[in-house]
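Coordinates as given in upload-v1.pdb (PDB, C-alpha atoms and all ligand atoms):
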```
ATOM      1  CA  MET A 144      25.033  31.291  11.526  1.00  0.00           C
ATOM      2  CA  ALA A 145      24.436  31.367   7.770  1.00  0.00           C
ATOM      3  CA  SER A 146      21.264  32.999   6.590  1.00  0.00           C
ATOM      4  CA  PRO A 147      19.294  31.114   3.895  1.00  0.00           C
ATOM      5  CA  ASP A 148      20.640  33.563   1.324  1.00  0.00           C
ATOM      6  CA  GLU A 149      24.176  32.344   1.984  1.00  0.00           C
ATOM      7  CA  VAL A 150      23.497  28.647   1.343  1.00  0.00           C
ATOM      8  CA  ASP A 151      25.702  27.377  -1.459  1.00  0.00           C
ATOM      9  CA  PRO A 152      23.436  27.223  -4.542  1.00  0.00           C
ATOM     10  CA  HIS A 153      25.417  24.242  -5.838  1.00  0.00           C
ATOM     11  CA  LEU A 154      24.640  22.270  -2.699  1.00  0.00           C
ATOM     12  CA  VAL A 155      20.939  23.070  -2.970  1.00  0.00           C
ATOM     13  CA  PHE A 156      20.992  22.006  -6.604  1.00  0.00           C
ATOM     14  CA  THR A 157      22.723  18.715  -5.749  1.00  0.00           C
ATOM     15  CA  VAL A 158      20.274  17.843  -2.974  1.00  0.00           C
ATOM     16  CA  ALA A 159      17.341  18.646  -5.241  1.00  0.00           C
ATOM     17  CA  SER A 160      18.622  16.541  -8.128  1.00  0.00           C
ATOM     18  CA  VAL A 161      19.479  13.606  -5.849  1.00  0.00           C
ATOM     19  CA  TRP A 162      15.938  13.743  -4.487  1.00  0.00           C
ATOM     20  CA  ARG A 163      14.506  13.811  -8.003  1.00  0.00           C
ATOM     21  CA  GLU A 164      16.665  10.876  -9.092  1.00  0.00           C
ATOM     22  CA  GLU A 165      15.563   8.907  -6.043  1.00  0.00           C
ATOM     23  CA  ARG A 166      11.936   9.596  -6.801  1.00  0.00           C
ATOM     24  CA  ILE A 167      12.338   8.612 -10.451  1.00  0.00           C
ATOM     25  CA  SER A 168      13.237   5.102  -9.277  1.00  0.00           C
ATOM     26  CA  CYS A 169       9.971   4.953  -7.317  1.00  0.00           C
ATOM     27  CA  PRO A 170       7.407   2.513  -8.674  1.00  0.00           C
ATOM     28  CA  HIS A 171       4.141   4.080  -9.820  1.00  0.00           C
ATOM     29  CA  PRO A 172       1.335   4.005  -7.192  1.00  0.00           C
ATOM     30  CA  ASP A 173      -0.565   1.602  -9.486  1.00  0.00           C
ATOM     31  CA  LEU A 174       2.350  -0.821  -9.259  1.00  0.00           C
ATOM     32  CA  LEU A 175       2.442  -0.408  -5.490  1.00  0.00           C
ATOM     33  CA  ARG A 176      -1.264  -1.221  -5.414  1.00  0.00           C
ATOM     34  CA  SER A 177      -0.950  -4.423  -7.427  1.00  0.00           C
ATOM     35  CA  PHE A 178       2.002  -5.375  -5.217  1.00  0.00           C
ATOM     36  CA  THR A 179       0.039  -4.932  -1.964  1.00  0.00           C
ATOM     37  CA  SER A 180      -2.979  -6.757  -3.382  1.00  0.00           C
ATOM     38  CA  GLY A 181      -0.703  -9.672  -4.303  1.00  0.00           C
ATOM     39  CA  GLY A 182      -1.335  -9.313  -8.035  1.00  0.00           C
ATOM     40  CA  MET A 183       2.339  -8.976  -8.870  1.00  0.00           C
ATOM     41  CA  ALA A 184       5.012 -11.631  -9.344  1.00  0.00           C
ATOM     42  CA  GLY A 185       8.591 -12.087 -10.468  1.00  0.00           C
ATOM     43  CA  GLY A 186      11.114  -9.324 -11.001  1.00  0.00           C
ATOM     44  CA  ALA A 187       8.612  -6.492 -10.658  1.00  0.00           C
ATOM     45  CA  ALA A 188       7.466  -7.746  -7.233  1.00  0.00           C
ATOM     46  CA  GLU A 189      11.095  -8.163  -6.186  1.00  0.00           C
ATOM     47  CA  PHE A 190      11.876  -4.631  -7.277  1.00  0.00           C
ATOM     48  CA  VAL A 191       8.943  -3.189  -5.316  1.00  0.00           C
ATOM     49  CA  ALA A 192       9.745  -5.320  -2.257  1.00  0.00           C
ATOM     50  CA  PHE A 193      13.365  -4.157  -2.381  1.00  0.00           C
ATOM     51  CA  HIS A 194      12.304  -0.549  -2.810  1.00  0.00           C
ATOM     52  CA  LEU A 195       9.958  -0.694   0.175  1.00  0.00           C
ATOM     53  CA  ARG A 196      11.982  -2.879   2.557  1.00  0.00           C
ATOM     54  CA  GLU A 197      15.650  -2.332   1.711  1.00  0.00           C
ATOM     55  CA  SER A 198      15.539   1.231   0.417  1.00  0.00           C
ATOM     56  CA  GLN A 199      12.804   2.007   2.953  1.00  0.00           C
ATOM     57  CA  CYS A 200      11.518   4.740   0.683  1.00  0.00           C
ATOM     58  CA  PRO A 201       9.368   6.924   2.971  1.00  0.00           C
ATOM     59  CA  TYR A 202       7.241   8.120   0.064  1.00  0.00           C
ATOM     60  CA  CYS A 203       6.278   4.672  -1.242  1.00  0.00           C
ATOM     61  CA  ASN A 204       5.868   3.193   2.231  1.00  0.00           C
ATOM     62  CA  ALA A 205       3.397   5.984   2.993  1.00  0.00           C
ATOM     63  CA  VAL A 206       1.547   5.254  -0.258  1.00  0.00           C
ATOM     64  CA  VAL A 207       1.382   1.519   0.541  1.00  0.00           C
ATOM     65  CA  GLU A 208       0.243   2.290   4.074  1.00  0.00           C
ATOM     66  CA  ALA A 209      -2.609   4.439   2.760  1.00  0.00           C
ATOM     67  CA  GLN A 210      -3.588   1.844   0.150  1.00  0.00           C
ATOM     68  CA  ARG A 211      -3.670  -0.936   2.777  1.00  0.00           C
ATOM     69  CA  ALA A 212      -5.902   1.137   5.053  1.00  0.00           C
ATOM     70  CA  GLU A 213      -8.142   1.886   2.084  1.00  0.00           C
ATOM     71  CA  GLU A 214      -8.379  -1.803   1.169  1.00  0.00           C
ATOM     72  CA  ASP A 215      -9.153  -2.805   4.746  1.00  0.00           C
ATOM     73  CA  ARG A 216     -12.047  -0.362   4.800  1.00  0.00           C
ATOM     74  CA  ALA A 217     -13.271  -1.658   1.431  1.00  0.00           C
ATOM     75  CA  LYS A 218     -13.046  -5.309   2.547  1.00  0.00           C
ATOM     76  CA  GLN A 219     -14.876  -4.887   5.831  1.00  0.00           C
ATOM     77  CA  PRO A 220     -18.513  -4.888   4.570  1.00  0.00           C
ATOM     78  CA  VAL A 221     -17.818  -7.845   2.241  1.00  0.00           C
ATOM     79  CA  LEU A 222     -16.507  -9.950   5.115  1.00  0.00           C
ATOM     80  CA  GLU A 223     -19.470  -9.066   7.292  1.00  0.00           C
ATOM     81  CA  ASP A 224     -21.861  -9.889   4.482  1.00  0.00           C
ATOM     82  CA  LEU A 225     -20.157 -13.246   3.963  1.00  0.00           C
ATOM     83  CA  ARG A 226     -20.340 -14.030   7.674  1.00  0.00           C
ATOM     84  CA  ASP A 227     -24.050 -13.146   7.739  1.00  0.00           C
ATOM     85  CA  ARG A 228     -24.722 -15.428   4.800  1.00  0.00           C
ATOM     86  CA  LEU A 229     -22.769 -18.258   6.430  1.00  0.00           C
ATOM     87  CA  LEU A 230     -24.721 -17.842   9.658  1.00  0.00           C
ATOM     88  CA  ARG A 231     -28.009 -17.825   7.782  1.00  0.00           C
ATOM     89  CA  SER A 232     -27.191 -20.941   5.746  1.00  0.00           C
ATOM     90  CA  THR A 233     -26.016 -22.718   8.920  1.00  0.00           C
ATOM     91  CA  ALA A 234     -29.290 -21.829  10.637  1.00  0.00           C
ATOM     92  CA  THR A 235     -31.242 -23.089   7.630  1.00  0.00           C
ATOM     93  CA  GLU A 236     -29.225 -26.288   7.677  1.00  0.00           C
ATOM     94  CA  LEU A 237     -29.909 -26.825  11.394  1.00  0.00           C
ATOM     95  CA  ARG A 238     -33.637 -26.273  10.946  1.00  0.00           C
ATOM     96  CA  ARG A 239     -33.722 -28.717   8.066  1.00  0.00           C
ATOM     97  CA  LYS A 240     -32.067 -31.425  10.172  1.00  0.00           C
ATOM     98  CA  ARG A 241     -34.486 -30.927  13.035  1.00  0.00           C
ATOM     99  CA  VAL A 242     -37.545 -31.450  10.820  1.00  0.00           C
TER
HETATM  100 ZN    ZN B 301       9.782   5.211  -3.502  1.00  0.00          ZN
END
```

Produce structure tokens that represent the structure in this file.
Ligand SMILES: [Zn+2]
Amino acid sequence: MASPDEVDPHLVFTVASVWREERISCPHPDLLRSFTSGGMAGGAAEFVAFHLRESQCPYCNAVVEAQRAEEDRAKQPVLEDLRDRLLRSTATELRRKRV
């Protein structure tokens, strides 16, 4: 069993640089955000889609996951507010018809 001291330094270096190169190709979290919110089109959207689905980058998929959860939480009150307003206007409409 090799102790950590005996690990080939060249191998460690290679793994580290491959990881860095992989991460360099990662789209910026801002780009991931505009992709998930649907505000991205064309080649950039294709690149992000490929990166997430084909490359299955664990880092970016985790970022997208977190951003989606964040957006869902942010959307919730707006939807409820909209539903309340719709219910109120429907009730007003019904009352008006009855009079
Ligand atoms: Zn990535």

Q: Give me the result of the PyMOL selection byres (((chain A and resi 191) around 12) and not hetatm) on this file, residue by residue, as number ranges by chain.
A: A: 168-179, 181, 183-190, 192-200, 203-204, 207

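Here atom CA of A:Arg216 stands at a distance of 28.1 Å from atom CA of A:Ala234.
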
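The shortest atom-to-atom distance to ligand ZN 301 (chain B), with only C-alpha atoms and all ligand atoms taken into account, belongs to A:Ala205 out of A:Ala212, A:Leu229, A:Leu237, A:Ala205.
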
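The interatomic distance for the pair atom CA of A:Pro220 and atom CA of A:Val206 works out to 23.0 Å.
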
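Each of A:Arg239, A:Ser232, A:Glu149, A:Pro201 was compared to ligand ZN 301 (chain B) using all atoms listed in the file, and A:Pro201 turns out to be the nearest.
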
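Our summary of the geometry notes that atom ZN of ligand ZN 301 (chain B) is positioned 5.3 Å from atom CA of A:Tyr202.
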